$ cat structure.cif   # mmCIF, N, CA, C and O atoms
data_my_file
#
loop_
_atom_site.group_PDB
_atom_site.id
_atom_site.type_symbol
_atom_site.label_atom_id
_atom_site.label_comp_id
_atom_site.auth_asym_id
_atom_site.auth_seq_id
_atom_site.Cartn_x
_atom_site.Cartn_y
_atom_site.Cartn_z
ATOM 1 N N MET B 1 36.328 96.544 38.088
ATOM 2 C CA MET B 1 37.228 96.752 39.207
ATOM 3 C C MET B 1 38.326 97.732 38.798
ATOM 4 O O MET B 1 38.915 97.610 37.732
ATOM 5 N N ALA B 2 38.587 98.689 39.629
ATOM 6 C CA ALA B 2 39.604 99.701 39.340
ATOM 7 C C ALA B 2 41.000 99.118 39.546
ATOM 8 O O ALA B 2 41.216 98.301 40.428
ATOM 9 N N SER B 3 41.928 99.543 38.710
ATOM 10 C CA SER B 3 43.306 99.074 38.866
ATOM 11 C C SER B 3 44.032 99.940 39.893
ATOM 12 O O SER B 3 43.655 101.076 40.150
ATOM 13 N N ARG B 4 45.049 99.341 40.488
ATOM 14 C CA ARG B 4 45.872 100.049 41.464
ATOM 15 C C ARG B 4 47.308 100.057 40.973
ATOM 16 O O ARG B 4 47.763 99.114 40.342
ATOM 17 N N VAL B 5 48.031 101.127 41.283
ATOM 18 C CA VAL B 5 49.448 101.218 40.952
ATOM 19 C C VAL B 5 50.214 101.270 42.267
ATOM 20 O O VAL B 5 49.941 102.111 43.121
ATOM 21 N N LEU B 6 51.155 100.338 42.408
ATOM 22 C CA LEU B 6 51.943 100.234 43.635
ATOM 23 C C LEU B 6 53.422 100.297 43.318
ATOM 24 O O LEU B 6 53.874 99.741 42.311
ATOM 25 N N ARG B 7 54.172 100.946 44.179
ATOM 26 C CA ARG B 7 55.630 100.896 44.079
ATOM 27 C C ARG B 7 56.050 99.582 44.713
ATOM 28 O O ARG B 7 55.604 99.252 45.812
ATOM 29 N N VAL B 8 56.888 98.817 44.033
ATOM 30 C CA VAL B 8 57.237 97.474 44.483
ATOM 31 C C VAL B 8 58.736 97.232 44.450
ATOM 32 O O VAL B 8 59.480 97.936 43.772
ATOM 33 N N ALA B 9 59.155 96.223 45.218
ATOM 34 C CA ALA B 9 60.540 95.739 45.170
ATOM 35 C C ALA B 9 60.546 94.522 44.258
ATOM 36 O O ALA B 9 59.700 93.642 44.392
ATOM 37 N N VAL B 10 61.490 94.488 43.336
ATOM 38 C CA VAL B 10 61.540 93.399 42.366
ATOM 39 C C VAL B 10 62.922 92.758 42.392
ATOM 40 O O VAL B 10 63.933 93.445 42.315
ATOM 41 N N MET B 11 62.920 91.429 42.534
ATOM 42 C CA MET B 11 64.157 90.689 42.345
ATOM 43 C C MET B 11 64.208 90.382 40.854
ATOM 44 O O MET B 11 63.229 89.857 40.292
ATOM 45 N N CYS B 12 65.300 90.759 40.212
ATOM 46 C CA CYS B 12 65.376 90.558 38.770
ATOM 47 C C CYS B 12 66.769 90.124 38.351
ATOM 48 O O CYS B 12 67.728 90.239 39.104
ATOM 49 N N TRP B 13 66.827 89.632 37.149
ATOM 50 C CA TRP B 13 68.069 89.212 36.539
ATOM 51 C C TRP B 13 68.355 90.186 35.411
ATOM 52 O O TRP B 13 67.466 90.518 34.632
ATOM 53 N N PHE B 14 69.598 90.673 35.334
ATOM 54 C CA PHE B 14 70.013 91.584 34.273
ATOM 55 C C PHE B 14 71.005 90.854 33.366
ATOM 56 O O PHE B 14 72.214 90.936 33.577
ATOM 57 N N PRO B 15 70.522 90.116 32.348
ATOM 58 C CA PRO B 15 71.458 89.442 31.448
ATOM 59 C C PRO B 15 72.308 90.445 30.666
ATOM 60 O O PRO B 15 73.429 90.137 30.286
ATOM 61 N N THR B 16 71.770 91.646 30.417
ATOM 62 C CA THR B 16 72.535 92.759 29.861
ATOM 63 C C THR B 16 72.154 93.994 30.664
ATOM 64 O O THR B 16 71.153 93.996 31.382
ATOM 65 N N GLU B 17 72.911 95.041 30.537
ATOM 66 C CA GLU B 17 72.715 96.244 31.360
ATOM 67 C C GLU B 17 71.317 96.837 31.267
ATOM 68 O O GLU B 17 70.763 97.308 32.249
ATOM 69 N N SER B 18 70.709 96.803 30.100
ATOM 70 C CA SER B 18 69.415 97.474 29.931
ATOM 71 C C SER B 18 68.230 96.516 29.806
ATOM 72 O O SER B 18 67.152 96.932 29.422
ATOM 73 N N ASN B 19 68.432 95.236 30.111
ATOM 74 C CA ASN B 19 67.358 94.257 29.942
ATOM 75 C C ASN B 19 67.070 93.486 31.227
ATOM 76 O O ASN B 19 67.497 92.339 31.375
ATOM 77 N N PRO B 20 66.309 94.066 32.160
ATOM 78 C CA PRO B 20 65.968 93.329 33.372
ATOM 79 C C PRO B 20 64.902 92.271 33.085
ATOM 80 O O PRO B 20 64.038 92.463 32.235
ATOM 81 N N ILE B 21 64.992 91.165 33.788
ATOM 82 C CA ILE B 21 63.964 90.130 33.712
ATOM 83 C C ILE B 21 63.451 89.917 35.132
ATOM 84 O O ILE B 21 64.193 89.447 35.995
ATOM 85 N N PRO B 22 62.187 90.280 35.415
ATOM 86 C CA PRO B 22 61.653 90.137 36.771
ATOM 87 C C PRO B 22 61.507 88.674 37.173
ATOM 88 O O PRO B 22 61.041 87.850 36.380
ATOM 89 N N ILE B 23 61.912 88.368 38.409
ATOM 90 C CA ILE B 23 61.842 87.010 38.951
ATOM 91 C C ILE B 23 60.744 86.921 40.011
ATOM 92 O O ILE B 23 59.940 86.007 40.001
ATOM 93 N N SER B 24 60.734 87.888 40.944
ATOM 94 C CA SER B 24 59.690 87.922 41.973
ATOM 95 C C SER B 24 59.455 89.370 42.404
ATOM 96 O O SER B 24 60.296 90.237 42.177
ATOM 97 N N ILE B 25 58.293 89.600 43.039
ATOM 98 C CA ILE B 25 57.868 90.945 43.433
ATOM 99 C C ILE B 25 57.447 90.906 44.892
ATOM 100 O O ILE B 25 56.798 89.954 45.326
ATOM 101 N N LYS B 26 57.806 91.951 45.650
ATOM 102 C CA LYS B 26 57.313 92.115 47.014
ATOM 103 C C LYS B 26 56.680 93.497 47.138
ATOM 104 O O LYS B 26 57.190 94.470 46.582
ATOM 105 N N PHE B 27 55.558 93.547 47.890
ATOM 106 C CA PHE B 27 54.859 94.808 48.100
ATOM 107 C C PHE B 27 54.028 94.713 49.369
ATOM 108 O O PHE B 27 53.746 93.621 49.863
ATOM 109 N N LYS B 28 53.629 95.871 49.902
ATOM 110 C CA LYS B 28 52.743 95.916 51.065
ATOM 111 C C LYS B 28 51.299 95.960 50.573
ATOM 112 O O LYS B 28 50.964 96.762 49.713
ATOM 113 N N ASP B 29 50.461 95.094 51.164
ATOM 114 C CA ASP B 29 49.049 95.105 50.793
ATOM 115 C C ASP B 29 48.312 96.189 51.577
ATOM 116 O O ASP B 29 48.935 96.974 52.305
ATOM 117 N N ASP B 30 47.004 96.238 51.433
ATOM 118 C CA ASP B 30 46.202 97.280 52.084
ATOM 119 C C ASP B 30 46.267 97.235 53.607
ATOM 120 O O ASP B 30 46.033 98.237 54.269
ATOM 121 N N THR B 31 46.595 96.073 54.164
ATOM 122 C CA THR B 31 46.685 95.937 55.628
ATOM 123 C C THR B 31 48.098 96.185 56.137
ATOM 124 O O THR B 31 48.338 96.119 57.334
ATOM 125 N N GLY B 32 49.038 96.436 55.223
ATOM 126 C CA GLY B 32 50.419 96.689 55.610
ATOM 127 C C GLY B 32 51.282 95.441 55.653
ATOM 128 O O GLY B 32 52.463 95.508 55.971
ATOM 129 N N GLU B 33 50.688 94.286 55.318
ATOM 130 C CA GLU B 33 51.438 93.037 55.307
ATOM 131 C C GLU B 33 52.224 92.922 54.005
ATOM 132 O O GLU B 33 51.743 93.316 52.944
ATOM 133 N N ILE B 34 53.437 92.368 54.090
ATOM 134 C CA ILE B 34 54.264 92.206 52.898
ATOM 135 C C ILE B 34 53.832 90.950 52.156
ATOM 136 O O ILE B 34 53.743 89.871 52.730
ATOM 137 N N ARG B 35 53.547 91.109 50.872
ATOM 138 C CA ARG B 35 53.120 90.015 49.996
ATOM 139 C C ARG B 35 54.196 89.780 48.943
ATOM 140 O O ARG B 35 54.940 90.692 48.588
ATOM 141 N N GLN B 36 54.248 88.560 48.447
ATOM 142 C CA GLN B 36 55.217 88.223 47.407
ATOM 143 C C GLN B 36 54.516 87.519 46.254
ATOM 144 O O GLN B 36 53.625 86.699 46.460
ATOM 145 N N ILE B 37 54.922 87.884 45.042
ATOM 146 C CA ILE B 37 54.456 87.218 43.828
ATOM 147 C C ILE B 37 55.668 86.526 43.216
ATOM 148 O O ILE B 37 56.682 87.160 42.954
ATOM 149 N N LYS B 38 55.549 85.200 43.031
ATOM 150 C CA LYS B 38 56.631 84.413 42.436
ATOM 151 C C LYS B 38 56.142 83.791 41.135
ATOM 152 O O LYS B 38 54.979 83.918 40.774
ATOM 153 N N ASP B 39 57.031 83.081 40.492
ATOM 154 C CA ASP B 39 56.693 82.348 39.260
ATOM 155 C C ASP B 39 56.003 83.249 38.248
ATOM 156 O O ASP B 39 54.933 82.935 37.723
ATOM 157 N N ILE B 40 56.630 84.369 37.975
ATOM 158 C CA ILE B 40 56.092 85.355 37.034
ATOM 159 C C ILE B 40 56.276 84.847 35.607
ATOM 160 O O ILE B 40 57.369 84.443 35.215
ATOM 161 N N HIS B 41 55.202 84.882 34.846
ATOM 162 C CA HIS B 41 55.243 84.533 33.426
ATOM 163 C C HIS B 41 55.142 85.832 32.637
ATOM 164 O O HIS B 41 54.144 86.554 32.752
ATOM 165 N N ILE B 42 56.165 86.142 31.862
ATOM 166 C CA ILE B 42 56.164 87.360 31.049
ATOM 167 C C ILE B 42 55.458 87.069 29.731
ATOM 168 O O ILE B 42 55.889 86.212 28.961
ATOM 169 N N ILE B 43 54.367 87.790 29.494
ATOM 170 C CA ILE B 43 53.584 87.627 28.266
ATOM 171 C C ILE B 43 54.192 88.446 27.139
ATOM 172 O O ILE B 43 54.359 87.967 26.024
ATOM 173 N N SER B 44 54.535 89.711 27.456
ATOM 174 C CA SER B 44 55.161 90.570 26.444
ATOM 175 C C SER B 44 56.011 91.635 27.123
ATOM 176 O O SER B 44 55.805 91.961 28.289
ATOM 177 N N THR B 45 56.963 92.156 26.370
ATOM 178 C CA THR B 45 57.872 93.199 26.851
ATOM 179 C C THR B 45 57.907 94.318 25.826
ATOM 180 O O THR B 45 57.966 94.060 24.629
ATOM 181 N N LEU B 46 57.855 95.545 26.328
ATOM 182 C CA LEU B 46 57.903 96.713 25.449
ATOM 183 C C LEU B 46 58.960 97.672 25.977
ATOM 184 O O LEU B 46 58.976 97.989 27.170
ATOM 185 N N THR B 47 59.860 98.115 25.097
ATOM 186 C CA THR B 47 60.831 99.133 25.481
ATOM 187 C C THR B 47 60.143 100.486 25.391
ATOM 188 O O THR B 47 59.547 100.822 24.370
ATOM 189 N N ILE B 48 60.186 101.245 26.496
ATOM 190 C CA ILE B 48 59.601 102.581 26.541
ATOM 191 C C ILE B 48 60.727 103.575 26.769
ATOM 192 O O ILE B 48 61.847 103.176 27.081
ATOM 193 N N SER B 49 60.440 104.852 26.634
ATOM 194 C CA SER B 49 61.505 105.855 26.756
ATOM 195 C C SER B 49 62.162 105.849 28.133
ATOM 196 O O SER B 49 63.337 106.140 28.258
ATOM 197 N N GLN B 50 61.422 105.469 29.174
ATOM 198 C CA GLN B 50 61.966 105.470 30.531
ATOM 199 C C GLN B 50 62.580 104.134 30.932
ATOM 200 O O GLN B 50 63.239 104.040 31.952
ATOM 201 N N GLY B 51 62.331 103.057 30.173
ATOM 202 C CA GLY B 51 62.848 101.749 30.557
ATOM 203 C C GLY B 51 62.128 100.622 29.850
ATOM 204 O O GLY B 51 62.115 100.552 28.633
ATOM 205 N N LYS B 52 61.487 99.740 30.633
ATOM 206 C CA LYS B 52 60.800 98.571 30.086
ATOM 207 C C LYS B 52 59.417 98.431 30.705
ATOM 208 O O LYS B 52 59.205 98.757 31.875
ATOM 209 N N ASN B 53 58.492 97.929 29.918
ATOM 210 C CA ASN B 53 57.141 97.649 30.390
ATOM 211 C C ASN B 53 56.856 96.171 30.113
ATOM 212 O O ASN B 53 57.043 95.705 28.997
ATOM 213 N N PHE B 54 56.435 95.449 31.151
ATOM 214 C CA PHE B 54 56.165 94.023 31.046
ATOM 215 C C PHE B 54 54.685 93.754 31.298
ATOM 216 O O PHE B 54 54.125 94.274 32.254
ATOM 217 N N ILE B 55 54.077 92.960 30.461
ATOM 218 C CA ILE B 55 52.746 92.416 30.728
ATOM 219 C C ILE B 55 53.008 90.990 31.204
ATOM 220 O O ILE B 55 53.680 90.206 30.513
ATOM 221 N N CYS B 56 52.499 90.674 32.387
ATOM 222 C CA CYS B 56 52.808 89.399 33.027
ATOM 223 C C CYS B 56 51.552 88.759 33.586
ATOM 224 O O CYS B 56 50.510 89.410 33.699
ATOM 225 N N ASP B 57 51.690 87.495 33.966
ATOM 226 C CA ASP B 57 50.668 86.878 34.790
ATOM 227 C C ASP B 57 51.343 85.973 35.816
ATOM 228 O O ASP B 57 52.499 85.573 35.649
ATOM 229 N N ALA B 58 50.617 85.714 36.898
ATOM 230 C CA ALA B 58 51.110 84.878 37.989
ATOM 231 C C ALA B 58 49.927 84.553 38.884
ATOM 232 O O ALA B 58 48.856 85.164 38.772
ATOM 233 N N ILE B 59 50.132 83.618 39.777
ATOM 234 C CA ILE B 59 49.119 83.295 40.769
ATOM 235 C C ILE B 59 49.239 84.318 41.897
ATOM 236 O O ILE B 59 50.281 84.437 42.537
ATOM 237 N N VAL B 60 48.168 85.090 42.116
ATOM 238 C CA VAL B 60 48.129 86.124 43.156
ATOM 239 C C VAL B 60 46.920 85.825 44.037
ATOM 240 O O VAL B 60 45.785 85.873 43.560
ATOM 241 N N GLY B 61 47.166 85.504 45.302
ATOM 242 C CA GLY B 61 46.071 85.181 46.200
ATOM 243 C C GLY B 61 45.271 83.974 45.748
ATOM 244 O O GLY B 61 44.059 83.926 45.923
ATOM 245 N N GLY B 62 45.946 83.003 45.138
ATOM 246 C CA GLY B 62 45.279 81.788 44.687
ATOM 247 C C GLY B 62 44.577 81.893 43.348
ATOM 248 O O GLY B 62 43.968 80.932 42.890
ATOM 249 N N ILE B 63 44.654 83.057 42.699
ATOM 250 C CA ILE B 63 43.977 83.282 41.418
ATOM 251 C C ILE B 63 45.008 83.733 40.378
ATOM 252 O O ILE B 63 45.829 84.610 40.657
ATOM 253 N N LYS B 64 44.940 83.150 39.191
ATOM 254 C CA LYS B 64 45.826 83.601 38.108
ATOM 255 C C LYS B 64 45.380 84.992 37.682
ATOM 256 O O LYS B 64 44.224 85.203 37.344
ATOM 257 N N GLN B 65 46.325 85.932 37.730
ATOM 258 C CA GLN B 65 45.988 87.320 37.443
ATOM 259 C C GLN B 65 47.015 87.935 36.508
ATOM 260 O O GLN B 65 48.213 87.689 36.632
ATOM 261 N N GLU B 66 46.528 88.751 35.581
ATOM 262 C CA GLU B 66 47.404 89.483 34.675
ATOM 263 C C GLU B 66 47.705 90.840 35.289
ATOM 264 O O GLU B 66 46.844 91.450 35.915
ATOM 265 N N PHE B 67 48.938 91.317 35.115
ATOM 266 C CA PHE B 67 49.342 92.615 35.651
ATOM 267 C C PHE B 67 50.424 93.228 34.778
ATOM 268 O O PHE B 67 50.998 92.561 33.923
ATOM 269 N N GLU B 68 50.654 94.506 35.010
ATOM 270 C CA GLU B 68 51.662 95.262 34.273
ATOM 271 C C GLU B 68 52.762 95.669 35.244
ATOM 272 O O GLU B 68 52.495 96.150 36.338
ATOM 273 N N LEU B 69 53.998 95.464 34.837
ATOM 274 C CA LEU B 69 55.156 95.810 35.651
ATOM 275 C C LEU B 69 56.041 96.731 34.828
ATOM 276 O O LEU B 69 56.402 96.395 33.699
ATOM 277 N N THR B 70 56.349 97.911 35.373
ATOM 278 C CA THR B 70 57.137 98.899 34.633
ATOM 279 C C THR B 70 58.433 99.185 35.371
ATOM 280 O O THR B 70 58.426 99.435 36.577
ATOM 281 N N PHE B 71 59.536 99.135 34.640
ATOM 282 C CA PHE B 71 60.867 99.427 35.169
ATOM 283 C C PHE B 71 61.329 100.764 34.625
ATOM 284 O O PHE B 71 61.353 100.973 33.409
ATOM 285 N N PHE B 72 61.672 101.690 35.526
ATOM 286 C CA PHE B 72 62.210 102.995 35.148
ATOM 287 C C PHE B 72 63.722 102.949 35.365
ATOM 288 O O PHE B 72 64.192 102.954 36.506
ATOM 289 N N SER B 73 64.473 102.875 34.276
ATOM 290 C CA SER B 73 65.912 102.629 34.356
ATOM 291 C C SER B 73 66.703 103.778 34.976
ATOM 292 O O SER B 73 67.717 103.541 35.631
ATOM 293 N N GLU B 74 66.244 105.012 34.807
ATOM 294 C CA GLU B 74 67.016 106.148 35.316
ATOM 295 C C GLU B 74 67.166 106.110 36.835
ATOM 296 O O GLU B 74 68.239 106.368 37.359
ATOM 297 N N ASP B 75 66.092 105.794 37.551
ATOM 298 C CA ASP B 75 66.179 105.745 39.014
ATOM 299 C C ASP B 75 65.962 104.341 39.570
ATOM 300 O O ASP B 75 65.750 104.164 40.765
ATOM 301 N N CYS B 76 66.030 103.320 38.704
ATOM 302 C CA CYS B 76 65.922 101.916 39.086
ATOM 303 C C CYS B 76 64.689 101.676 39.958
ATOM 304 O O CYS B 76 64.761 101.118 41.034
ATOM 305 N N ARG B 77 63.528 102.117 39.454
ATOM 306 C CA ARG B 77 62.263 102.049 40.193
ATOM 307 C C ARG B 77 61.296 101.148 39.437
ATOM 308 O O ARG B 77 61.268 101.131 38.216
ATOM 309 N N TRP B 78 60.496 100.403 40.213
ATOM 310 C CA TRP B 78 59.499 99.494 39.626
ATOM 311 C C TRP B 78 58.107 99.887 40.096
ATOM 312 O O TRP B 78 57.914 100.206 41.276
ATOM 313 N N LEU B 79 57.125 99.840 39.184
ATOM 314 C CA LEU B 79 55.721 100.055 39.520
ATOM 315 C C LEU B 79 54.919 98.857 39.038
ATOM 316 O O LEU B 79 55.157 98.326 37.956
ATOM 317 N N LEU B 80 53.966 98.451 39.873
ATOM 318 C CA LEU B 80 53.075 97.342 39.568
ATOM 319 C C LEU B 80 51.673 97.898 39.376
ATOM 320 O O LEU B 80 51.172 98.613 40.236
ATOM 321 N N LYS B 81 51.065 97.592 38.247
ATOM 322 C CA LYS B 81 49.670 97.974 37.998
ATOM 323 C C LYS B 81 48.861 96.689 37.984
ATOM 324 O O LYS B 81 49.050 95.845 37.108
ATOM 325 N N ILE B 82 47.998 96.571 38.982
ATOM 326 C CA ILE B 82 47.247 95.334 39.161
ATOM 327 C C ILE B 82 45.774 95.596 39.309
ATOM 328 O O ILE B 82 45.381 96.667 39.711
#

$ encode --input "structure.cif" --output "structure tokens"
Amino acid sequence: MASRVLRVAVMCWFPTESNPIPISIKFKDDTGEIRQIKDIHIISTLTISQGKNFICDAIVGGIKQEFELTFFSEDCRWLLKI
């Protein structure tokens, strides 16, 4: 199955200025409906030159799924690779 990259809205906690912790994600699915992913479990975090990269898992559509979430600190943008 091919992966998709989506621009997403992320509710996050910033315990320090450069360390966001994602709490939940909202995005539009293929039909245009807004979907939400909650109860995100962060498996690993990597600092990259543009910000942070998170490997996570959560229940998505009733199935536990692993995904990648990238935060670009310069323009405060999030991308979801699922």

$ residues_near_point --input "structure.cif" --point "(61.5, 91.1, 36.7)" --cutoff "4.5 Å" --atoms "all atoms listed in the file" --output "NGL selection string"
:B and (11-12 or 21-23)

$ residues_around --input "structure.cif" --residues "stretch 60-74 of chain B" --least-positions-apart "2" --cutoff "10 Å" --atoms "only C-alpha atoms" --output "PyMOL selection string"
chain B and resi 3+5-8+10+17-22+25+35-38+40-58+76-82

$ atom_distance --input "structure.cif" --atom1 "atom CA of B:Ile59" --atom2 "atom CA of B:Ser24"
11.6 Å

$ select_by_dssp --input "structure.cif" --residues "chain B" --states "strand (DSSP E or B)" --output "MDAnalysis selection string"
chainID B and resid 5:16 19:28 34:37 41:48 51:60 63:72 77:81

$ atom_distance --input "structure.cif" --atom1 "atom N of B:Phe14" --atom2 "atom N of B:Lys28"
22.2 Å

$ atom_distance --input "structure.cif" --atom1 "atom CA of B:Ala9" --atom2 "atom N of B:Phe27"
6.1 Å
